[in-house]
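**Student:** Before anything else, here's the structure in question.
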Amino acid sequence: MSTFTRFETHDVRFPTSRDLDGSDAMNPDPDYSAAYLVIGTDDPDGLTGHGFAFTIGRGNDVQVAAIRALAGHLLGRDVQEVLGDMGATWRSFADDSQLRWLGPEKGVMHMAVSAVVNALWDLKAKRAGLPLWDLLARMSPEELVALVDFRYLTDALTPEQALDLLTAAEPGRAARREELLRTGYPAYTTTPGWLGYSDDKLVSLSRQAVAEGFTQIKLKVGASVADDVRRLRLAREAVGPDVRIAVDANQRWDVAEAVEWIGALAPHDPWWVEEPTSPDDVLGHAAIRRAVAPVKIATGEHVQNRIVFKQMLQAGSLDVLQIDAARVAGVNENVAILLLAAKYGVPVCPHAGGVGLCELVQHLSMFDYVALSGTTRDRVVEYVDHLHEHFVHPVRVRGGHYGAPLAPGFSAELLPGTLQRFAFPDGPEWRAGAVPGPPVPPALEGDAPPAPAALTAPADGVAVGA
């Protein structure tokens with residue numbers, strides 16, 4: 001019997017604020033970061049699982065601490081038991097009777113669950129010798145339904161309905177898998193559209209995106225209506241009438257303000273408006289959608305769990321559903337959300353900015369295409385050309401399409417040198433001079449954050465610091 005013996009966390013931060021990469025109306029100076037986890041076993045194969053929660057800088061240490069709080073649920077446990085029933089494993093993390101109080105099923109702890117669950121799926125796929133999308137797409141409808149916690153969902157989607165959806169898609173799986181391997185999965189790019197970029201850079205990058213084969217780009221909006229109209233006009237002139245341009249307000253507006261602002265942008269034909277208001281405002285999104293139609297409303301990257309997605313679908317709050325691989329509690333919950341979207345006939349176009357999110361979420365869309373929705377019509381995965389070089393198996397985007405990953409696992413593994421170079425606060429990249437943040441409160445001066453650490457399991461299976 002092999003057991004889990006390693007639970008190693010890292011606070012990894014990239015100083016993207018130096019060049020305003022990732023900047024938007026609500027987040028003008030992000031430092032893309034990963035609260036990163038490596039899990040290992042005493043199995044002689046030496047395989048490890050990798051997962052992370054994505055943040056944008058300050059607070060990444062809090063997210064790391066939340067992940068470490070889950071170590072006791074894994075260390076010392078039997079590997080086959082954990083990986084053999086990932087539905088039960090998901091529930092064992094999400095239902096911690098004390099940690100659940102910090103949510104429930106939302107926020108920092110729920111994102112911590114995503115890091116652990118995704119790391120387990122990474123290990124499971126590696127042990128199977130398959131990329132995650134292919135591992136999921138080879139599972140039977142019954143096995144896939146068993147992954148999902150249907151609590152709170154059955155007024156919208158029952159296990160029987162989910163089984164029917166997956167069973168109906170079975171006949172075309174093999175053909176769709178071959179098509180995916182041949183052509184890849186459609187992508188769109190946000191690279192031209194960061195709010196801190198100059199007009200010249202916006203135009204140049206928009207033209208470059210079209211030349212590279214992208215048929216959709218995205219711009220950030222929400223700081224100034226006059227600036228947004230000008231930037232959208234320039235982008236439209238640069239790419240022509242046939243390329244879709246989505247815009248993203250990153251939760252900037254109240255409901256009435258959103259309706260007015262979108263009206264000002266409408267003459268330049270935005271394909272969708274993303275996160276026009278608070279991600280928790282189910283009815284606000286529905287009101288905006290009714291008022292601005294036929295402009296589409298998209299949201300999801302900050303929607304905290306499958307229950308809120310269920311309500312948005314029930315209320316008619318969105319035209320495009322945007323899952324995130326590390327916001328909700330990992331693969332299992334995203335399978336639930338994909339099933340909900342299929343039930344309601346809403347296309348899924350995942351959020352994939354940040355560090356590593358492109359690497360992860362491509363697998364979920366590819367699984368959805370092969371084993372559930374059976375289509376890529378009006379479906380695209382976001383692509384941002386930042387930080388992929390730090391991954392052992394980075395995304396491959398050619399001709400506006402993601403190439404299907406072939407390496408076993410979930411594509412989450414960072415290079416060892418990256419873990420060392422971008423470790424916060426003592427890695428070489430940060431010692432060389434980080435962008436200063438807000439002043440440290442006097443009471444905290446001299447306090448040092450905890451160093452990244454590993455946890456190991458002694459004979460009794462209780463987690464201890466290594």
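Following the order of the structure tokens, first chain is A, next is B, and so on, with residues numbered from 1 inside each chain and ligands from 1 in the order they appear.
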Considering only strand (DSSP E) as DSSP defines it on the backbone, what residues of stretch 4-123 of chain A qualify? List them as an MDAnalysis selection string.
**Tutor:** chainID A and resid 4:13 33:41 48:55
**Student:** Residues near A:Val381, anyone? I mean within 9 Å using only C-alpha atoms, not counting same-chain ones fewer than 2 positions away, as an mmCIF file with N, CA and C atoms, in the first residue's frame.
**Tutor:**
```cif
data_model
loop_
_atom_site.group_PDB
_atom_site.id
_atom_site.type_symbol
_atom_site.label_atom_id
_atom_site.label_comp_id
_atom_site.auth_asym_id
_atom_site.auth_seq_id
_atom_site.Cartn_x
_atom_site.Cartn_y
_atom_site.Cartn_z
ATOM 1 N N TYR A 185 -8.431 23.310 -30.307
ATOM 2 C CA TYR A 185 -9.646 23.943 -29.780
ATOM 3 C C TYR A 185 -9.553 25.447 -29.973
ATOM 4 N N PRO A 186 -10.623 26.104 -30.451
ATOM 5 C CA PRO A 186 -10.551 27.535 -30.749
ATOM 6 C C PRO A 186 -10.150 28.380 -29.538
ATOM 7 N N ALA A 187 -9.351 29.401 -29.797
ATOM 8 C CA ALA A 187 -8.866 30.309 -28.760
ATOM 9 C C ALA A 187 -9.206 31.749 -29.126
ATOM 10 N N TYR A 188 -9.266 32.596 -28.121
ATOM 11 C CA TYR A 188 -9.257 34.041 -28.363
ATOM 12 C C TYR A 188 -8.183 34.641 -27.477
ATOM 13 N N THR A 189 -7.733 35.845 -27.787
ATOM 14 C CA THR A 189 -6.628 36.423 -27.041
ATOM 15 C C THR A 189 -6.994 37.757 -26.395
ATOM 16 N N VAL A 348 -19.844 27.606 -23.146
ATOM 17 C CA VAL A 348 -18.823 27.817 -22.123
ATOM 18 C C VAL A 348 -17.557 28.319 -22.799
ATOM 19 N N CYS A 349 -17.092 29.492 -22.362
ATOM 20 C CA CYS A 349 -15.859 30.102 -22.871
ATOM 21 C C CYS A 349 -14.992 30.454 -21.664
ATOM 22 N N PRO A 350 -14.086 29.583 -21.270
ATOM 23 C CA PRO A 350 -13.411 29.741 -19.978
ATOM 24 C C PRO A 350 -12.537 30.974 -19.860
ATOM 25 N N HIS A 351 -12.434 31.427 -18.614
ATOM 26 C CA HIS A 351 -11.436 32.429 -18.237
ATOM 27 C C HIS A 351 -10.083 31.738 -18.141
ATOM 28 N N ALA A 352 -9.052 32.376 -18.703
ATOM 29 C CA ALA A 352 -7.736 31.734 -18.673
ATOM 30 C C ALA A 352 -6.610 32.744 -18.716
ATOM 31 N N CYS A 358 -4.347 29.115 -18.432
ATOM 32 C CA CYS A 358 -4.473 28.578 -19.792
ATOM 33 C C CYS A 358 -4.091 27.101 -19.807
ATOM 34 N N VAL A 361 -7.188 25.130 -17.965
ATOM 35 C CA VAL A 361 -8.580 25.118 -18.407
ATOM 36 C C VAL A 361 -8.748 24.569 -19.818
ATOM 37 N N GLN A 362 -7.683 24.540 -20.603
ATOM 38 C CA GLN A 362 -7.781 23.908 -21.921
ATOM 39 C C GLN A 362 -8.274 22.469 -21.792
ATOM 40 N N SER A 365 -12.204 22.360 -21.332
ATOM 41 C CA SER A 365 -12.959 22.601 -22.562
ATOM 42 C C SER A 365 -12.837 21.441 -23.536
ATOM 43 N N ARG A 379 -17.672 28.833 -29.065
ATOM 44 C CA ARG A 379 -16.901 28.479 -27.870
ATOM 45 C C ARG A 379 -15.431 28.724 -28.137
ATOM 46 N N TYR A 383 -6.803 33.101 -24.203
ATOM 47 C CA TYR A 383 -5.359 32.916 -24.262
ATOM 48 C C TYR A 383 -4.687 34.248 -23.982
ATOM 49 N N HIS A 401 -5.719 28.390 -32.337
ATOM 50 C CA HIS A 401 -6.253 27.194 -31.704
ATOM 51 C C HIS A 401 -5.257 26.643 -30.678
ATOM 52 N N TYR A 402 -5.799 26.163 -29.562
ATOM 53 C CA TYR A 402 -4.998 25.395 -28.612
ATOM 54 C C TYR A 402 -4.751 24.003 -29.172
#
```
**Student:** So how many Å separate atom CA of A:Leu419 and atom CA of A:Val113, to one decimal?
**Tutor:** 21.0 Å
**Student:** Please produce, as JSON lines, a per-residue contact table for stretch 319-364 of chain A versus stretch 276-292 of chain A (criterion: any atom at most 12 Å away, only C-alpha atoms considered), showing the nearest atom pair and its distance in Å to one decimal, sorted by chain then residue number.
**Tutor:**
```
{"residue": "A:Asp319", "atom": "CA", "partner": "A:Arg289", "partner_atom": "CA", "distance": 8.1}
{"residue": "A:Val320", "atom": "CA", "partner": "A:Arg289", "partner_atom": "CA", "distance": 11.0}
{"residue": "A:Leu321", "atom": "CA", "partner": "A:Pro279", "partner_atom": "CA", "distance": 12.0}
{"residue": "A:Gln322", "atom": "CA", "partner": "A:Pro279", "partner_atom": "CA", "distance": 11.4}
```
**Student:** Dump C-alpha atoms for the selected residues as a PDB file, in the first residue's frame?
**Tutor:**
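The resulting part11.pdb:
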```
ATOM      1  CA  ASP A 319     -25.244  34.389 -22.542  1.00  0.00           C
ATOM      2  CA  VAL A 320     -21.724  33.009 -22.087  1.00  0.00           C
ATOM      3  CA  LEU A 321     -20.581  31.016 -19.057  1.00  0.00           C
ATOM      4  CA  GLN A 322     -16.921  31.382 -18.078  1.00  0.00           C
TER       5      GLN A 322
END
```
**Student:** Can you tell me how far atom CA of A:Asp227 sits from atom CA of A:Thr191, in Å to one decimal?
**Tutor:** 18.2 Å
**Student:** As a ChimeraX atom specification, please: every residue in stretch 322-402 of chain A that a backbone DSSP assignment puts in helix (DSSP H, G or I).
**Tutor:** /A:330-344,357-371,388-390
**Student:** Take atom CA of A:Tyr36 and atom CA of A:Thr5 and report the distance between them in Å, one decimal.
**Tutor:**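 Calculated distance between atom CA of A:Tyr36 and atom CA of A:Thr5 is 16.9 Å.
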